[in-house]
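Novice: Next up, work-v1.pdb (PDB, C-alpha atoms).
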ATOM      1  CA  MET A   1     -99.400  33.525 -49.908
ATOM      2  CA  SER A   2    -102.436  33.155 -52.135
ATOM      3  CA  HIS A   3    -104.774  30.189 -52.418
ATOM      4  CA  THR A   4    -107.375  29.584 -55.036
ATOM      5  CA  THR A   5    -110.535  28.242 -53.503
ATOM      6  CA  ALA A   6    -111.083  24.640 -54.514
ATOM      7  CA  THR A   7    -113.145  21.733 -53.401
ATOM      8  CA  THR A   8    -109.999  19.875 -52.486
ATOM      9  CA  ALA A   9    -107.359  21.786 -50.581
ATOM     10  CA  ILE A  10    -104.466  19.968 -52.224
ATOM     11  CA  GLU A  11    -105.335  20.688 -55.854
ATOM     12  CA  HIS A  12    -104.372  23.982 -57.425
ATOM     13  CA  GLU A  13    -102.488  25.187 -54.380
ATOM     14  CA  THR A  14    -100.080  28.006 -54.997
ATOM     15  CA  TYR A  15     -97.597  29.514 -52.598
ATOM     16  CA  THR A  16     -96.173  32.806 -53.747
ATOM     17  CA  SER A  17     -95.676  36.423 -52.857
ATOM     18  CA  THR A  18     -93.202  37.063 -55.698
ATOM     19  CA  GLY A  19     -94.763  35.301 -58.692
ATOM     20  CA  LEU A  20     -92.347  32.441 -58.195
ATOM     21  CA  ASP A  21     -93.399  29.412 -56.188
ATOM     22  CA  SER A  22     -91.946  29.970 -52.722
ATOM     23  CA  ARG A  23     -91.057  26.316 -52.227
ATOM     24  CA  LYS A  24     -89.086  26.202 -55.456
ATOM     25  CA  LEU A  25     -87.492  29.582 -54.774
ATOM     26  CA  GLY A  26     -86.492  28.404 -51.323
ATOM     27  CA  MET A  27     -84.820  25.302 -52.711
ATOM     28  CA  TRP A  28     -82.865  27.311 -55.303
ATOM     29  CA  LEU A  29     -81.671  29.684 -52.581
ATOM     30  CA  PHE A  30     -80.609  26.698 -50.492
ATOM     31  CA  LEU A  31     -78.763  25.204 -53.481
ATOM     32  CA  ALA A  32     -76.912  28.508 -53.904
ATOM     33  CA  THR A  33     -75.577  28.074 -50.366
ATOM     34  CA  GLU A  34     -74.676  24.486 -51.203
ATOM     35  CA  VAL A  35     -72.670  25.759 -54.185
ATOM     36  CA  MET A  36     -70.706  27.869 -51.727
ATOM     37  CA  ILE A  37     -69.988  25.134 -49.233
ATOM     38  CA  PHE A  38     -68.950  22.517 -51.764
ATOM     39  CA  SER A  39     -66.883  25.032 -53.717
ATOM     40  CA  ALA A  40     -65.018  25.985 -50.558
ATOM     41  CA  LEU A  41     -64.273  22.346 -49.757
ATOM     42  CA  ILE A  42     -63.272  21.540 -53.351
ATOM     43  CA  GLY A  43     -60.975  24.561 -53.270
ATOM     44  CA  ALA A  44     -59.430  23.226 -50.092
ATOM     45  CA  LEU A  45     -59.063  19.812 -51.705
ATOM     46  CA  LEU A  46     -57.310  21.307 -54.720
ATOM     47  CA  ASN A  47     -54.967  23.172 -52.396
ATOM     48  CA  ALA A  48     -54.330  20.010 -50.387
ATOM     49  CA  LYS A  49     -53.589  18.141 -53.591
ATOM     50  CA  THR A  50     -50.779  20.553 -54.384
ATOM     51  CA  ARG A  51     -49.301  19.848 -50.944
ATOM     52  CA  SER A  52     -49.570  16.076 -51.186
ATOM     53  CA  PRO A  53     -47.445  13.530 -53.087
ATOM     54  CA  ALA A  54     -48.153  13.376 -56.824
ATOM     55  CA  ASP A  55     -49.438   9.820 -56.441
ATOM     56  CA  ALA A  56     -51.718  10.728 -53.510
ATOM     57  CA  ASN A  57     -54.825   9.561 -55.366
ATOM     58  CA  ASP A  58     -53.311   6.368 -56.781
ATOM     59  CA  ALA A  59     -55.141   4.351 -54.126
ATOM     60  CA  LEU A  60     -58.504   5.440 -55.486
ATOM     61  CA  ASN A  61     -60.488   2.968 -57.581
ATOM     62  CA  ILE A  62     -61.423   4.750 -60.787
ATOM     63  CA  PRO A  63     -63.374   1.952 -62.560
ATOM     64  CA  ILE A  64     -65.700   1.270 -59.634
ATOM     65  CA  THR A  65     -66.198   4.961 -58.987
ATOM     66  CA  GLY A  66     -66.812   5.538 -62.685
ATOM     67  CA  VAL A  67     -69.626   3.004 -62.545
ATOM     68  CA  ASN A  68     -70.889   4.657 -59.370
ATOM     69  CA  THR A  69     -70.923   8.017 -61.153
ATOM     70  CA  PHE A  70     -73.012   6.475 -63.897
ATOM     71  CA  ILE A  71     -75.409   5.058 -61.293
ATOM     72  CA  LEU A  72     -75.979   8.543 -59.916
ATOM     73  CA  ILE A  73     -76.496   9.960 -63.403
ATOM     74  CA  ILE A  74     -79.153   7.310 -64.063
ATOM     75  CA  SER A  75     -80.846   8.246 -60.772
ATOM     76  CA  SER A  76     -80.938  11.890 -61.879
ATOM     77  CA  PHE A  77     -82.646  10.785 -65.086
ATOM     78  CA  MET A  78     -85.112   8.764 -63.005
ATOM     79  CA  VAL A  79     -86.025  11.803 -60.902
ATOM     80  CA  ALA A  80     -86.506  13.964 -64.000
ATOM     81  CA  MET A  81     -88.847  11.314 -65.358
ATOM     82  CA  ALA A  82     -90.645  11.139 -61.997
ATOM     83  CA  VAL A  83     -91.462  14.846 -62.197
ATOM     84  CA  GLN A  84     -92.663  14.411 -65.781
ATOM     85  CA  SER A  85     -94.804  11.447 -64.695
ATOM     86  CA  ALA A  86     -96.454  13.564 -62.003
ATOM     87  CA  LEU A  87     -97.168  16.272 -64.584
ATOM     88  CA  ASP A  88     -98.616  13.644 -66.936
ATOM     89  CA  ASN A  89    -100.621  12.087 -64.056
ATOM     90  CA  ARG A  90     -98.993   8.701 -64.809
ATOM     91  CA  GLN A  91     -99.096   7.317 -61.263
ATOM     92  CA  GLY A  92     -97.564   3.938 -62.111
ATOM     93  CA  ARG A  93     -94.573   5.528 -63.764
ATOM     94  CA  LEU A  94     -94.205   7.994 -60.888
ATOM     95  CA  LYS A  95     -94.020   5.120 -58.408
ATOM     96  CA  PHE A  96     -91.494   3.274 -60.559
ATOM     97  CA  PHE A  97     -89.210   6.249 -61.080
ATOM     98  CA  MET A  98     -89.223   7.223 -57.402
ATOM     99  CA  LEU A  99     -88.474   3.638 -56.352
ATOM    100  CA  ALA A 100     -85.717   3.457 -58.967
ATOM    101  CA  THR A 101     -84.188   6.657 -57.618
ATOM    102  CA  LEU A 102     -84.236   5.192 -54.108
ATOM    103  CA  ALA A 103     -82.618   1.956 -55.262
ATOM    104  CA  LEU A 104     -79.924   3.701 -57.285
ATOM    105  CA  GLY A 105     -79.156   6.192 -54.523
ATOM    106  CA  ALA A 106     -78.842   3.400 -51.995
ATOM    107  CA  THR A 107     -76.572   1.501 -54.386
ATOM    108  CA  PHE A 108     -74.363   4.551 -54.766
ATOM    109  CA  LEU A 109     -74.027   4.889 -51.006
ATOM    110  CA  GLY A 110     -73.327   1.186 -50.640
ATOM    111  CA  VAL A 111     -70.521   1.358 -53.189
ATOM    112  CA  GLN A 112     -69.111   4.438 -51.448
ATOM    113  CA  ILE A 113     -69.055   2.644 -48.103
ATOM    114  CA  PHE A 114     -67.404  -0.364 -49.743
ATOM    115  CA  GLU A 115     -64.753   1.928 -51.263
ATOM    116  CA  TYR A 116     -64.165   3.650 -47.920
ATOM    117  CA  ARG A 117     -63.553   0.299 -46.254
ATOM    118  CA  GLU A 118     -61.101  -0.725 -48.985
ATOM    119  CA  LEU A 119     -59.225   2.572 -48.749
ATOM    120  CA  LEU A 120     -58.962   2.436 -44.974
ATOM    121  CA  HIS A 121     -57.735  -1.152 -45.229
ATOM    122  CA  GLU A 122     -55.024  -0.061 -47.666
ATOM    123  CA  GLY A 123     -53.817   2.701 -45.365
ATOM    124  CA  PHE A 124     -55.493   5.592 -47.171
ATOM    125  CA  THR A 125     -57.022   7.264 -44.117
ATOM    126  CA  PRO A 126     -58.199  10.791 -43.242
ATOM    127  CA  THR A 127     -54.771  11.471 -41.705
ATOM    128  CA  THR A 128     -52.514   9.926 -44.373
ATOM    129  CA  SER A 129     -52.004  13.149 -46.310
ATOM    130  CA  PRO A 130     -53.650  16.558 -46.750
ATOM    131  CA  PHE A 131     -55.278  15.156 -49.873
ATOM    132  CA  SER A 132     -56.693  12.087 -48.117
ATOM    133  CA  GLY A 133     -58.106  14.280 -45.347
ATOM    134  CA  ALA A 134     -59.783  16.538 -47.869
ATOM    135  CA  PHE A 135     -60.977  13.485 -49.825
ATOM    136  CA  PHE A 136     -62.850  11.981 -46.893
ATOM    137  CA  THR A 137     -64.242  15.392 -45.912
ATOM    138  CA  VAL A 138     -65.680  16.275 -49.318
ATOM    139  CA  THR A 139     -66.872  12.815 -50.341
ATOM    140  CA  GLY A 140     -68.195  12.246 -46.829
ATOM    141  CA  LEU A 141     -70.253  15.440 -46.931
ATOM    142  CA  HIS A 142     -71.522  14.470 -50.364
ATOM    143  CA  GLY A 143     -72.425  10.998 -49.112
ATOM    144  CA  PHE A 144     -74.299  12.570 -46.215
ATOM    145  CA  HIS A 145     -76.286  14.632 -48.726
ATOM    146  CA  VAL A 146     -77.147  11.456 -50.624
ATOM    147  CA  PHE A 147     -78.281   9.862 -47.354
ATOM    148  CA  ILE A 148     -80.539  12.827 -46.549
ATOM    149  CA  GLY A 149     -81.944  12.578 -50.070
ATOM    150  CA  LEU A 150     -82.798   8.922 -49.480
ATOM    151  CA  LEU A 151     -84.644   9.874 -46.280
ATOM    152  CA  VAL A 152     -86.649  12.445 -48.231
ATOM    153  CA  ILE A 153     -87.581   9.812 -50.814
ATOM    154  CA  LEU A 154     -88.765   7.519 -48.003
ATOM    155  CA  TRP A 155     -90.918  10.413 -46.754
ATOM    156  CA  LEU A 156     -92.323  11.052 -50.247
ATOM    157  CA  LEU A 157     -93.028   7.427 -51.170
ATOM    158  CA  PRO A 158     -96.160   6.957 -48.992
ATOM    159  CA  GLN A 159     -97.556  10.135 -50.536
ATOM    160  CA  VAL A 160     -96.666   8.863 -54.017
ATOM    161  CA  PHE A 161     -98.404   5.552 -53.366
ATOM    162  CA  LYS A 162    -101.487   7.352 -52.039
ATOM    163  CA  GLY A 163    -101.726   9.177 -55.358
ATOM    164  CA  ARG A 164    -101.185  12.589 -53.831
ATOM    165  CA  PHE A 165     -99.179  13.979 -56.726
ATOM    166  CA  GLY A 166    -100.482  14.990 -60.119
ATOM    167  CA  PRO A 167    -100.569  17.891 -62.575
ATOM    168  CA  GLY A 168    -102.095  20.191 -59.980
ATOM    169  CA  ASN A 169     -99.807  19.136 -57.154
ATOM    170  CA  TYR A 170     -96.286  18.064 -58.077
ATOM    171  CA  MET A 171     -94.111  20.695 -56.409
ATOM    172  CA  ARG A 172     -92.773  18.434 -53.651
ATOM    173  CA  VAL A 173     -91.495  16.002 -56.257
ATOM    174  CA  GLU A 174     -89.975  18.801 -58.327
ATOM    175  CA  VAL A 175     -88.310  20.450 -55.329
ATOM    176  CA  PHE A 176     -86.867  17.099 -54.243
ATOM    177  CA  GLY A 177     -85.704  16.611 -57.835
ATOM    178  CA  LEU A 178     -83.795  19.885 -57.726
ATOM    179  CA  TYR A 179     -81.968  18.744 -54.593
ATOM    180  CA  TRP A 180     -81.168  15.334 -56.063
ATOM    181  CA  HIS A 181     -79.906  16.788 -59.343
ATOM    182  CA  PHE A 182     -77.623  19.107 -57.397
ATOM    183  CA  VAL A 183     -76.198  16.165 -55.477
ATOM    184  CA  ASP A 184     -75.517  14.546 -58.868
ATOM    185  CA  ILE A 185     -73.829  17.694 -60.189
ATOM    186  CA  VAL A 186     -71.529  17.848 -57.183
ATOM    187  CA  TRP A 187     -70.489  14.242 -57.759
ATOM    188  CA  ILE A 188     -69.926  14.853 -61.479
ATOM    189  CA  MET A 189     -67.421  17.571 -60.560
ATOM    190  CA  LEU A 190     -65.954  15.646 -57.628
ATOM    191  CA  PHE A 191     -65.348  12.530 -59.701
ATOM    192  CA  THR A 192     -63.293  14.496 -62.203
ATOM    193  CA  ILE A 193     -61.407  16.627 -59.706
ATOM    194  CA  VAL A 194     -60.717  13.938 -57.115
ATOM    195  CA  TYR A 195     -60.325  10.771 -59.162
ATOM    196  CA  LEU A 196     -59.308  11.732 -62.680
ATOM    197  CA  LEU A 197     -56.988  14.712 -62.291
TER     198      LEU A 197
ATOM    199  CA  MET B   1     -91.470  36.622 -62.707
ATOM    200  CA  LYS B   2     -93.517  33.552 -63.289
ATOM    201  CA  ASP B   3     -93.016  29.827 -63.097
ATOM    202  CA  GLU B   4     -93.315  27.994 -66.412
ATOM    203  CA  HIS B   5     -95.539  25.260 -65.082
ATOM    204  CA  SER B   6     -99.161  25.956 -64.364
ATOM    205  CA  THR B   7    -101.992  23.594 -63.728
ATOM    206  CA  ALA B   8    -103.419  24.451 -67.146
ATOM    207  CA  GLU B   9    -100.526  23.350 -69.335
ATOM    208  CA  HIS B  10     -97.174  21.690 -69.230
ATOM    209  CA  THR B  11     -94.670  20.585 -71.830
ATOM    210  CA  ASN B  12     -93.563  16.969 -72.130
ATOM    211  CA  HIS B  13     -89.780  16.959 -71.928
ATOM    212  CA  THR B  14     -89.321  13.165 -72.002
ATOM    213  CA  ARG B  15     -87.450  13.116 -75.293
ATOM    214  CA  THR B  16     -85.105  15.847 -74.087
ATOM    215  CA  TYR B  17     -84.430  13.971 -70.851
ATOM    216  CA  ILE B  18     -83.573  10.804 -72.790
ATOM    217  CA  MET B  19     -81.179  12.660 -75.095
ATOM    218  CA  VAL B  20     -79.513  14.404 -72.168
ATOM    219  CA  PHE B  21     -79.125  11.092 -70.346
ATOM    220  CA  PHE B  22     -77.394   9.489 -73.318
ATOM    221  CA  ALA B  23     -75.154  12.536 -73.700
ATOM    222  CA  LEU B  24     -74.183  12.240 -70.030
ATOM    223  CA  ALA B  25     -73.480   8.530 -70.406
ATOM    224  CA  VAL B  26     -71.303   9.054 -73.480
ATOM    225  CA  LEU B  27     -69.399  11.922 -71.899
ATOM    226  CA  THR B  28     -68.748   9.899 -68.747
ATOM    227  CA  GLY B  29     -67.316   7.109 -70.875
ATOM    228  CA  LEU B  30     -65.231   9.563 -72.884
ATOM    229  CA  GLU B  31     -63.797  11.009 -69.673
ATOM    230  CA  LEU B  32     -62.463   7.599 -68.753
ATOM    231  CA  VAL B  33     -60.993   7.212 -72.259
ATOM    232  CA  VAL B  34     -59.283  10.619 -72.011
ATOM    233  CA  THR B  35     -57.472   9.489 -68.864
ATOM    234  CA  LEU B  36     -55.863   6.729 -70.916
ATOM    235  CA  ILE B  37     -54.600   8.968 -73.726
ATOM    236  CA  GLN B  38     -50.961   9.977 -73.314
ATOM    237  CA  GLY B  39     -49.775  13.429 -74.292
ATOM    238  CA  LEU B  40     -53.158  15.084 -73.928
ATOM    239  CA  PRO B  41     -53.622  18.129 -71.618
ATOM    240  CA  GLN B  42     -55.922  16.075 -69.448
ATOM    241  CA  ALA B  43     -56.822  18.580 -66.731
ATOM    242  CA  PRO B  44     -58.460  21.253 -68.917
ATOM    243  CA  VAL B  45     -60.132  18.646 -71.158
ATOM    244  CA  LEU B  46     -61.571  16.685 -68.222
ATOM    245  CA  LEU B  47     -62.692  19.797 -66.359
ATOM    246  CA  ALA B  48     -64.385  21.149 -69.484
ATOM    247  CA  MET B  49     -66.172  17.845 -70.039
ATOM    248  CA  SER B  50     -67.397  17.582 -66.458
ATOM    249  CA  ALA B  51     -68.484  21.228 -66.470
ATOM    250  CA  PHE B  52     -70.454  20.569 -69.649
ATOM    251  CA  LYS B  53     -72.093  17.527 -68.057
ATOM    252  CA  ALA B  54     -73.035  19.603 -65.023
ATOM    253  CA  LEU B  55     -74.470  22.257 -67.322
ATOM    254  CA  LEU B  56     -76.632  19.662 -69.101
ATOM    255  CA  VAL B  57     -78.085  18.555 -65.754
ATOM    256  CA  ILE B  58     -78.657  22.139 -64.651
ATOM    257  CA  LEU B  59     -80.248  23.350 -67.880
ATOM    258  CA  PHE B  60     -82.464  20.364 -68.656
ATOM    259  CA  PHE B  61     -82.963  18.061 -65.667
ATOM    260  CA  MET B  62     -83.275  21.066 -63.334
ATOM    261  CA  HIS B  63     -85.363  22.992 -65.882
ATOM    262  CA  LEU B  64     -83.304  26.170 -65.853
ATOM    263  CA  ARG B  65     -83.548  26.235 -69.647
ATOM    264  CA  TRP B  66     -87.313  26.740 -69.384
ATOM    265  CA  ASP B  67     -87.817  28.356 -66.011
ATOM    266  CA  SER B  68     -87.684  31.918 -64.711
ATOM    267  CA  ARG B  69     -84.350  33.696 -65.179
ATOM    268  CA  TRP B  70     -84.397  34.487 -61.458
ATOM    269  CA  TYR B  71     -83.548  30.872 -60.663
ATOM    270  CA  SER B  72     -80.573  31.054 -63.020
ATOM    271  CA  PHE B  73     -79.396  34.240 -61.342
ATOM    272  CA  ILE B  74     -79.708  32.740 -57.861
ATOM    273  CA  PHE B  75     -77.787  29.614 -58.809
ATOM    274  CA  PHE B  76     -75.002  31.165 -60.895
ATOM    275  CA  ALA B  77     -74.390  34.319 -58.833
ATOM    276  CA  PRO B  78     -72.265  32.482 -56.233
ATOM    277  CA  PHE B  79     -69.811  31.522 -58.978
ATOM    278  CA  LEU B  80     -68.688  35.142 -59.087
ATOM    279  CA  LEU B  81     -67.100  34.398 -55.722
ATOM    280  CA  VAL B  82     -66.331  30.731 -56.353
ATOM    281  CA  ILE B  83     -64.037  31.245 -59.318
ATOM    282  CA  PRO B  84     -61.701  33.775 -57.649
ATOM    283  CA  MET B  85     -61.687  31.631 -54.515
ATOM    284  CA  ILE B  86     -60.610  28.519 -56.427
ATOM    285  CA  ILE B  87     -57.864  30.511 -58.128
ATOM    286  CA  VAL B  88     -56.616  31.780 -54.765
ATOM    287  CA  MET B  89     -56.750  28.241 -53.342
ATOM    288  CA  LEU B  90     -54.699  26.902 -56.242
ATOM    289  CA  ILE B  91     -52.119  29.646 -55.920
ATOM    290  CA  GLY B  92     -51.890  28.696 -52.282
TER     291      GLY B  92
END
Kindly return the structure encoded in the file as structure tokens.

Specialist:
Amino acid sequence: MSHTTATTAIEHETYTSTGLDSRKLGMWLFLATEVMIFSALIGALLNAKTRSPADANDALNIPITGVNTFILIISSFMVAMAVQSALDNRQGRLKFFMLATLALGATFLGVQIFEYRELLHEGFTPTTSPFSGAFFTVTGLHGFHVFIGLLVILWLLPQVFKGRFGPGNYMRVEVFGLYWHFVDIVWIMLFTIVYLL
Amino acid sequence: MKDEHSTAEHTNHTRTYIMVFFALAVLTGLELVVTLIQGLPQAPVLLAMSAFKALLVILFFMHLRWDSRWYSFIFFAPFLLVIPMIIVMLIG
């Protein structure tokens, strides 16, 4: 780990022994493991789908979930713009985009919970069919990831509002962005595989 | 191996992000339209569209297009195992 000497410890910090920022490298390695876990569960869901009735996913609400997918895509755009705002030292925009990401992520979770309640009410439960069991497992794990992401945003927001992040110190925002984009990617694939196929 | 961003310079990707966002929005809408078209091989079309959307997020929102190739290797290497696993899962 190398540090450049600076009057302020936060500015111009670098963490590396490989030439790549260790924090960013660590997140990419973590996301690689996330690819494995979600792929395994999606594979199981596909297998379960072949062993369930052809209309097993008829209970699912495509229009609402389509809107929810779009909400998550917007939040991904917000996070990308948040990172750019930190690089541009536009503190107002950074605050806005991080708050927007929080609001959109919370909305997504709220809609998911609403859909879960509707499905359970209609008799589509984790034990109804192999597909329904796999559905609640995969979407539940994804929802948990969204929830963790929201907690991270709540941890970052005080730092954002204190003006901690800027061109010389943006890595926490970028690393969080990588996580959030991955959560979006998983949902993009899940929406197609679970709801549309 | 070096990260693109340094404290000295950075590129403004705002326009790219906006274009990618609109592409994602359009593709999401098109996916819903495809589900309504009869006689179309929906599964491969929908999977291709969602994979392309995921690729847009990975390349541009996640910066893989501009960052070190090591990150690309780390992220895509697991797919060497994922693809055969999915095939095995589908075969049952």

Novice: Skip Ile58 of chain B itself and residues of its chain fewer than 4 positions away, then list as JSON, numbers by chain all residues within 10 Å of it, counting all atoms listed in the file.

Specialist: {"A": [178, 181, 182, 185], "B": [52, 53, 54, 62, 63, 64, 65, 72, 75]}

Novice: Write out, as a short mmCIF file (atom, residue, chain, number, x, y, z; two decimals), in the frame of the given file, the residues just selected, with C-alpha atoms.

Specialist:
data_model
loop_
_atom_site.label_atom_id
_atom_site.label_comp_id
_atom_site.auth_asym_id
_atom_site.auth_seq_id
_atom_site.Cartn_x
_atom_site.Cartn_y
_atom_site.Cartn_z
CA LEU A 178 -83.80 19.89 -57.73
CA HIS A 181 -79.91 16.79 -59.34
CA PHE A 182 -77.62 19.11 -57.40
CA ILE A 185 -73.83 17.69 -60.19
CA PHE B 52 -70.45 20.57 -69.65
CA LYS B 53 -72.09 17.53 -68.06
CA ALA B 54 -73.04 19.60 -65.02
CA MET B 62 -83.28 21.07 -63.33
CA HIS B 63 -85.36 22.99 -65.88
CA LEU B 64 -83.30 26.17 -65.85
CA ARG B 65 -83.55 26.24 -69.65
CA SER B 72 -80.57 31.05 -63.02
CA PHE B 75 -77.79 29.61 -58.81
#

Novice: For Ser85 of chain A, which residue among A:Val111, A:Phe97, A:Tyr179, A:Phe131 is the nearest when counting only C-alpha atoms?

Specialist: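 Closest to Ser85 of chain A, using only C-alpha atoms: A:Phe97.
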
Novice: For Leu47 of chain B, find every residue with an atom within 9 Å (counting all atoms listed in the file), except residues of its own chain fewer than 6 positions away, and show them as a list in words.

Specialist: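 So the residues in contact are Met189, Thr192, Ile193 and Leu197 of chain A.
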
Novice: When the ChimeraX specification (/A :<7) & /B is applied to the structure above, which residues does it catch, written out as an mmCIF file with C-alpha atoms, in the frame of the given file?

Specialist:
data_model
loop_
_atom_site.group_PDB
_atom_site.id
_atom_site.type_symbol
_atom_site.label_atom_id
_atom_site.label_comp_id
_atom_site.auth_asym_id
_atom_site.auth_seq_id
_atom_site.Cartn_x
_atom_site.Cartn_y
_atom_site.Cartn_z
ATOM 1 C CA MET B 1 -91.470 36.622 -62.707
ATOM 2 C CA LYS B 2 -93.517 33.552 -63.289
ATOM 3 C CA ASP B 3 -93.016 29.827 -63.097
ATOM 4 C CA THR B 7 -101.992 23.594 -63.728
ATOM 5 C CA ASN B 12 -93.563 16.969 -72.130
ATOM 6 C CA THR B 14 -89.321 13.165 -72.002
ATOM 7 C CA TYR B 17 -84.430 13.971 -70.851
ATOM 8 C CA PHE B 21 -79.125 11.092 -70.346
ATOM 9 C CA ALA B 25 -73.480 8.530 -70.406
ATOM 10 C CA THR B 35 -57.472 9.489 -68.864
ATOM 11 C CA ALA B 43 -56.822 18.580 -66.731
ATOM 12 C CA LEU B 46 -61.571 16.685 -68.222
ATOM 13 C CA LEU B 47 -62.692 19.797 -66.359
ATOM 14 C CA SER B 50 -67.397 17.582 -66.458
ATOM 15 C CA ALA B 54 -73.035 19.603 -65.023
ATOM 16 C CA VAL B 57 -78.085 18.555 -65.754
ATOM 17 C CA PHE B 61 -82.963 18.061 -65.667
ATOM 18 C CA MET B 62 -83.275 21.066 -63.334
ATOM 19 C CA TYR B 71 -83.548 30.872 -60.663
ATOM 20 C CA ILE B 74 -79.708 32.740 -57.861
ATOM 21 C CA PHE B 75 -77.787 29.614 -58.809
ATOM 22 C CA PRO B 78 -72.265 32.482 -56.233
ATOM 23 C CA VAL B 82 -66.331 30.731 -56.353
ATOM 24 C CA ILE B 86 -60.610 28.519 -56.427
ATOM 25 C CA MET B 89 -56.750 28.241 -53.342
ATOM 26 C CA LEU B 90 -54.699 26.902 -56.242
ATOM 27 C CA GLY B 92 -51.890 28.696 -52.282
#

Novice: Determine the nearest neighbour of Leu104 of chain A from the options A:Asn89, A:Ser75, A:Gly163, A:Thr127, counting all atoms listed in the file.

Specialist: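 Result for the nearest residue to Leu104 of chain A: A:Ser75.
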
Novice: Applied to this file, what does the PyMOL selection byres ((chain A and resi 56) around 10) return in terms of residues, put as a ChimeraX atom specification?

Specialist: /A:49-55,57-60,124,128-132

Novice: How far is it from atom CA of Gly110 of chain A to atom CA of His142 of chain A, in Å with one decimal?

Specialist: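 About the pair atom CA of Gly110 of chain A and atom CA of His142 of chain A: they are 13.4 Å apart.
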
Novice: Let me have the centre and edge lengths of the axis-aligned box enclosing all listed atoms of segment 75-89 of chain B with 4 Å padding on every side, in Å to one decimal, as JSON.

Specialist:
{"center_x": -67.2, "center_y": 31.7, "center_z": -57.1, "size_x": 29.2, "size_y": 14.9, "size_z": 15.6}

Novice: Could you please determine the separation between atom CA of Val146 of chain A and atom CA of Val26 of chain B in Å, to one decimal place?

Specialist: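 Atom CA of Val26 of chain B lies 23.7 Å from atom CA of Val146 of chain A.
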
Novice: Calculate how many Å separate atom CA of Val173 of chain A from atom CA of Leu151 of chain A, rounding to one decimal.

Specialist: 13.6 Å
